[in-house]
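This is structure-v4.pdb (PDB, C-alpha atoms).
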MODEL        1
ATOM      1  CA  MET W 102     -27.393 -42.735   2.164  1.00  0.00           C
ATOM      2  CA  GLU W 103     -26.951 -41.516  -1.403  1.00  0.00           C
ATOM      3  CA  LEU W 104     -29.106 -38.527  -2.344  1.00  0.00           C
ATOM      4  CA  ASN W 105     -27.914 -38.244  -5.963  1.00  0.00           C
ATOM      5  CA  LEU W 106     -28.359 -34.471  -5.940  1.00  0.00           C
ATOM      6  CA  LEU W 107     -25.101 -33.396  -7.547  1.00  0.00           C
ATOM      7  CA  GLY W 108     -25.498 -32.209 -11.101  1.00  0.00           C
ATOM      8  CA  ARG W 109     -29.276 -32.183 -11.054  1.00  0.00           C
ATOM      9  CA  ARG W 110     -31.376 -29.153 -11.789  1.00  0.00           C
ATOM     10  CA  SER W 111     -34.403 -28.604  -9.653  1.00  0.00           C
ATOM     11  CA  GLY W 112     -36.786 -25.769  -9.011  1.00  0.00           C
ATOM     12  CA  LYS W 113     -37.761 -23.016 -11.403  1.00  0.00           C
ATOM     13  CA  SER W 114     -34.719 -20.741 -11.293  1.00  0.00           C
ATOM     14  CA  PRO W 115     -33.639 -19.298 -14.648  1.00  0.00           C
ATOM     15  CA  GLN W 116     -30.650 -20.830 -16.362  1.00  0.00           C
ATOM     16  CA  ARG W 117     -27.447 -18.890 -15.729  1.00  0.00           C
ATOM     17  CA  ILE W 118     -25.544 -17.526 -18.688  1.00  0.00           C
ATOM     18  CA  ALA W 119     -21.880 -16.682 -18.244  1.00  0.00           C
ATOM     19  CA  ILE W 120     -20.768 -13.196 -19.183  1.00  0.00           C
ATOM     20  CA  PRO W 121     -17.643 -12.745 -21.294  1.00  0.00           C
ATOM     21  CA  PRO W 122     -14.344 -11.901 -19.576  1.00  0.00           C
ATOM     22  CA  PRO W 123     -13.303  -8.240 -19.387  1.00  0.00           C
ATOM     23  CA  VAL W 124     -11.492  -6.739 -22.347  1.00  0.00           C
ATOM     24  CA  TYR W 125      -8.166  -5.213 -21.397  1.00  0.00           C
ATOM     25  CA  SER W 126      -6.772  -2.287 -23.318  1.00  0.00           C
ATOM     26  CA  SER W 127      -3.498  -0.424 -23.279  1.00  0.00           C
ATOM     27  CA  GLN W 128      -5.354   2.802 -22.513  1.00  0.00           C
ATOM     28  CA  PRO W 129      -5.266   3.707 -18.822  1.00  0.00           C
ATOM     29  CA  SER W 130      -8.673   3.736 -17.241  1.00  0.00           C
ATOM     30  CA  HIS W 131      -9.963   6.604 -15.144  1.00  0.00           C
ATOM     31  CA  MET W 132      -9.635   4.395 -12.046  1.00  0.00           C
ATOM     32  CA  SER W 133      -5.872   4.012 -12.447  1.00  0.00           C
ATOM     33  CA  SER W 134      -5.390   7.590 -11.253  1.00  0.00           C
ATOM     34  CA  PHE W 135      -6.719   6.665  -7.813  1.00  0.00           C
ATOM     35  CA  LYS W 136      -4.066   6.926  -5.122  1.00  0.00           C
ATOM     36  CA  PRO W 137      -4.906   5.925  -1.562  1.00  0.00           C
ATOM     37  CA  SER W 138      -4.424   8.686   0.951  1.00  0.00           C
ATOM     38  CA  SER W 139      -1.632   8.079   3.432  1.00  0.00           C
ATOM     39  CA  THR W 140      -2.783  10.928   5.649  1.00  0.00           C
ATOM     40  CA  LEU W 141      -5.515   8.877   7.314  1.00  0.00           C
ATOM     41  CA  TYR W 142      -3.118   6.691   9.286  1.00  0.00           C
ATOM     42  CA  ASP W 143       0.317   5.184   9.085  1.00  0.00           C
ATOM     43  CA  SER W 144      -0.197   1.428   8.847  1.00  0.00           C
ATOM     44  CA  SER W 145       3.216   0.600  10.321  1.00  0.00           C
ATOM     45  CA  SER W 146       2.488   2.576  13.496  1.00  0.00           C
ATOM     46  CA  VAL W 147      -0.947   0.960  13.796  1.00  0.00           C
ATOM     47  CA  ILE W 148       0.584  -2.505  13.506  1.00  0.00           C
ATOM     48  CA  SER W 149       3.268  -1.737  16.070  1.00  0.00           C
ATOM     49  CA  ARG W 150       0.608  -0.480  18.513  1.00  0.00           C
ATOM     50  CA  ILE W 151      -1.518  -3.592  17.962  1.00  0.00           C
ATOM     51  CA  ARG W 152       1.458  -5.788  18.858  1.00  0.00           C
ATOM     52  CA  LEU W 153       1.573  -4.175  22.311  1.00  0.00           C
ATOM     53  CA  PHE W 154      -1.900  -5.422  23.245  1.00  0.00           C
ATOM     54  CA  CYS W 155      -3.052  -8.822  24.470  1.00  0.00           C
ATOM     55  CA  PRO W 156      -3.971 -11.099  21.525  1.00  0.00           C
ATOM     56  CA  ILE W 157      -6.946 -12.483  23.474  1.00  0.00           C
ATOM     57  CA  CYS W 158      -8.836  -9.412  24.733  1.00  0.00           C
ATOM     58  CA  LEU W 159      -7.166  -6.894  22.367  1.00  0.00           C
ATOM     59  CA  SER W 160      -7.484  -4.152  24.983  1.00  0.00           C
ATOM     60  CA  ASN W 161      -5.018  -4.702  27.829  1.00  0.00           C
ATOM     61  CA  PRO W 162      -1.255  -4.385  27.366  1.00  0.00           C
ATOM     62  CA  LYS W 163       0.828  -7.564  27.326  1.00  0.00           C
ATOM     63  CA  ASP W 164       2.348  -8.033  30.774  1.00  0.00           C
ATOM     64  CA  MET W 165       2.650 -11.804  31.168  1.00  0.00           C
ATOM     65  CA  ALA W 166       4.699 -14.341  29.207  1.00  0.00           C
ATOM     66  CA  PHE W 167       4.366 -18.108  28.863  1.00  0.00           C
ATOM     67  CA  GLY W 168       7.390 -20.400  28.732  1.00  0.00           C
ATOM     68  CA  CYS W 169       7.217 -20.432  24.934  1.00  0.00           C
ATOM     69  CA  GLY W 170       7.595 -16.639  24.801  1.00  0.00           C
ATOM     70  CA  HIS W 171       4.039 -15.766  23.731  1.00  0.00           C
ATOM     71  CA  GLN W 172       2.505 -12.976  25.771  1.00  0.00           C
ATOM     72  CA  THR W 173      -0.940 -12.043  27.069  1.00  0.00           C
ATOM     73  CA  CYS W 174      -2.236  -9.681  29.721  1.00  0.00           C
ATOM     74  CA  CYS W 175      -2.406 -10.928  33.318  1.00  0.00           C
ATOM     75  CA  GLU W 176      -6.217 -10.877  33.264  1.00  0.00           C
ATOM     76  CA  CYS W 177      -6.458 -13.268  30.322  1.00  0.00           C
ATOM     77  CA  GLY W 178      -3.441 -15.380  31.235  1.00  0.00           C
ATOM     78  CA  GLN W 179      -4.011 -15.927  34.953  1.00  0.00           C
ATOM     79  CA  ASP W 180      -6.371 -18.898  34.518  1.00  0.00           C
ATOM     80  CA  LEU W 181      -4.543 -20.481  31.569  1.00  0.00           C
ATOM     81  CA  GLN W 182      -2.101 -23.325  32.064  1.00  0.00           C
ATOM     82  CA  LEU W 183      -1.186 -23.693  28.390  1.00  0.00           C
ATOM     83  CA  CYS W 184      -0.322 -21.017  25.884  1.00  0.00           C
ATOM     84  CA  PRO W 185      -3.491 -20.111  23.936  1.00  0.00           C
ATOM     85  CA  ILE W 186      -1.422 -19.186  20.894  1.00  0.00           C
ATOM     86  CA  CYS W 187       0.605 -22.391  20.637  1.00  0.00           C
TER      87      CYS W 187
ENDMDL
END
Since I need it in another form, could you write the structure as structure tokens?
Amino acid sequence: MELNLLGRRSGKSPQRIAIPPPVYSSQPSHMSSFKPSSTLYDSSSVISRIRLFCPICLSNPKDMAFGCGHQTCCECGQDLQLCPIC
């Protein structure tokens, strides 16, 4: 069934007018002085800790491996016959 809706205007919404692209200058903006704080957390240590946990429940440590090498926790993996990651 062909509805022929593409390209048609309907309703009473106002016509959209595109705004011009931003103008770039060689002057540094006040936002360029922003530097993210590294004191909140070390992203590499967070990532390494995440890798220790089961990819299914994200709470239990990995303690079971499938034949392919992917790992889960025993709770999540005990009823699975195939690797959920592969």
Surrounding residues of Met165 (chain W) excluding itself and chain neighbours under 2 positions, 9 Å, only C-alpha atoms, as a ChimeraX atom specification:
/W:163,167,171-175,178-179
So what does the PyMOL selection byres ((chain W and resi 159) around 12) actually pick up in this one, as an mmCIF file with C-alpha atoms, in the frame of the given file?
data_model
loop_
_atom_site.group_PDB
_atom_site.id
_atom_site.type_symbol
_atom_site.label_atom_id
_atom_site.label_comp_id
_atom_site.auth_asym_id
_atom_site.auth_seq_id
_atom_site.Cartn_x
_atom_site.Cartn_y
_atom_site.Cartn_z
ATOM 1 C CA ARG W 150 0.608 -0.480 18.513
ATOM 2 C CA ILE W 151 -1.518 -3.592 17.962
ATOM 3 C CA ARG W 152 1.458 -5.788 18.858
ATOM 4 C CA LEU W 153 1.573 -4.175 22.311
ATOM 5 C CA PHE W 154 -1.900 -5.422 23.245
ATOM 6 C CA CYS W 155 -3.052 -8.822 24.470
ATOM 7 C CA PRO W 156 -3.971 -11.099 21.525
ATOM 8 C CA ILE W 157 -6.946 -12.483 23.474
ATOM 9 C CA CYS W 158 -8.836 -9.412 24.733
ATOM 10 C CA SER W 160 -7.484 -4.152 24.983
ATOM 11 C CA ASN W 161 -5.018 -4.702 27.829
ATOM 12 C CA PRO W 162 -1.255 -4.385 27.366
ATOM 13 C CA LYS W 163 0.828 -7.564 27.326
ATOM 14 C CA GLN W 172 2.505 -12.976 25.771
ATOM 15 C CA THR W 173 -0.940 -12.043 27.069
ATOM 16 C CA CYS W 174 -2.236 -9.681 29.721
ATOM 17 C CA GLU W 176 -6.217 -10.877 33.264
ATOM 18 C CA CYS W 177 -6.458 -13.268 30.322
#
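Separating CA of Val147 (chain W) from CA of Pro185 (chain W) is a distance of 23.5 Å.
Going from CA of Cys169 (chain W) to CA of Ser149 (chain W) covers 21.1 Å.
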Students should find that CA of Cys187 (chain W) and CA of Ile148 (chain W) are spaced 21.1 Å
Find the axis-aligned box for region 142-156 of chain W, covering all its listed atoms and adding 4 Å on each side, and write its centre and edge lengths in Å to one decimal as lines of an AutoDock Vina configuration file.
center_x = -0.4
center_y = -2.2
center_z = 16.7
size_x = 15.2
size_y = 25.8
size_z = 23.6
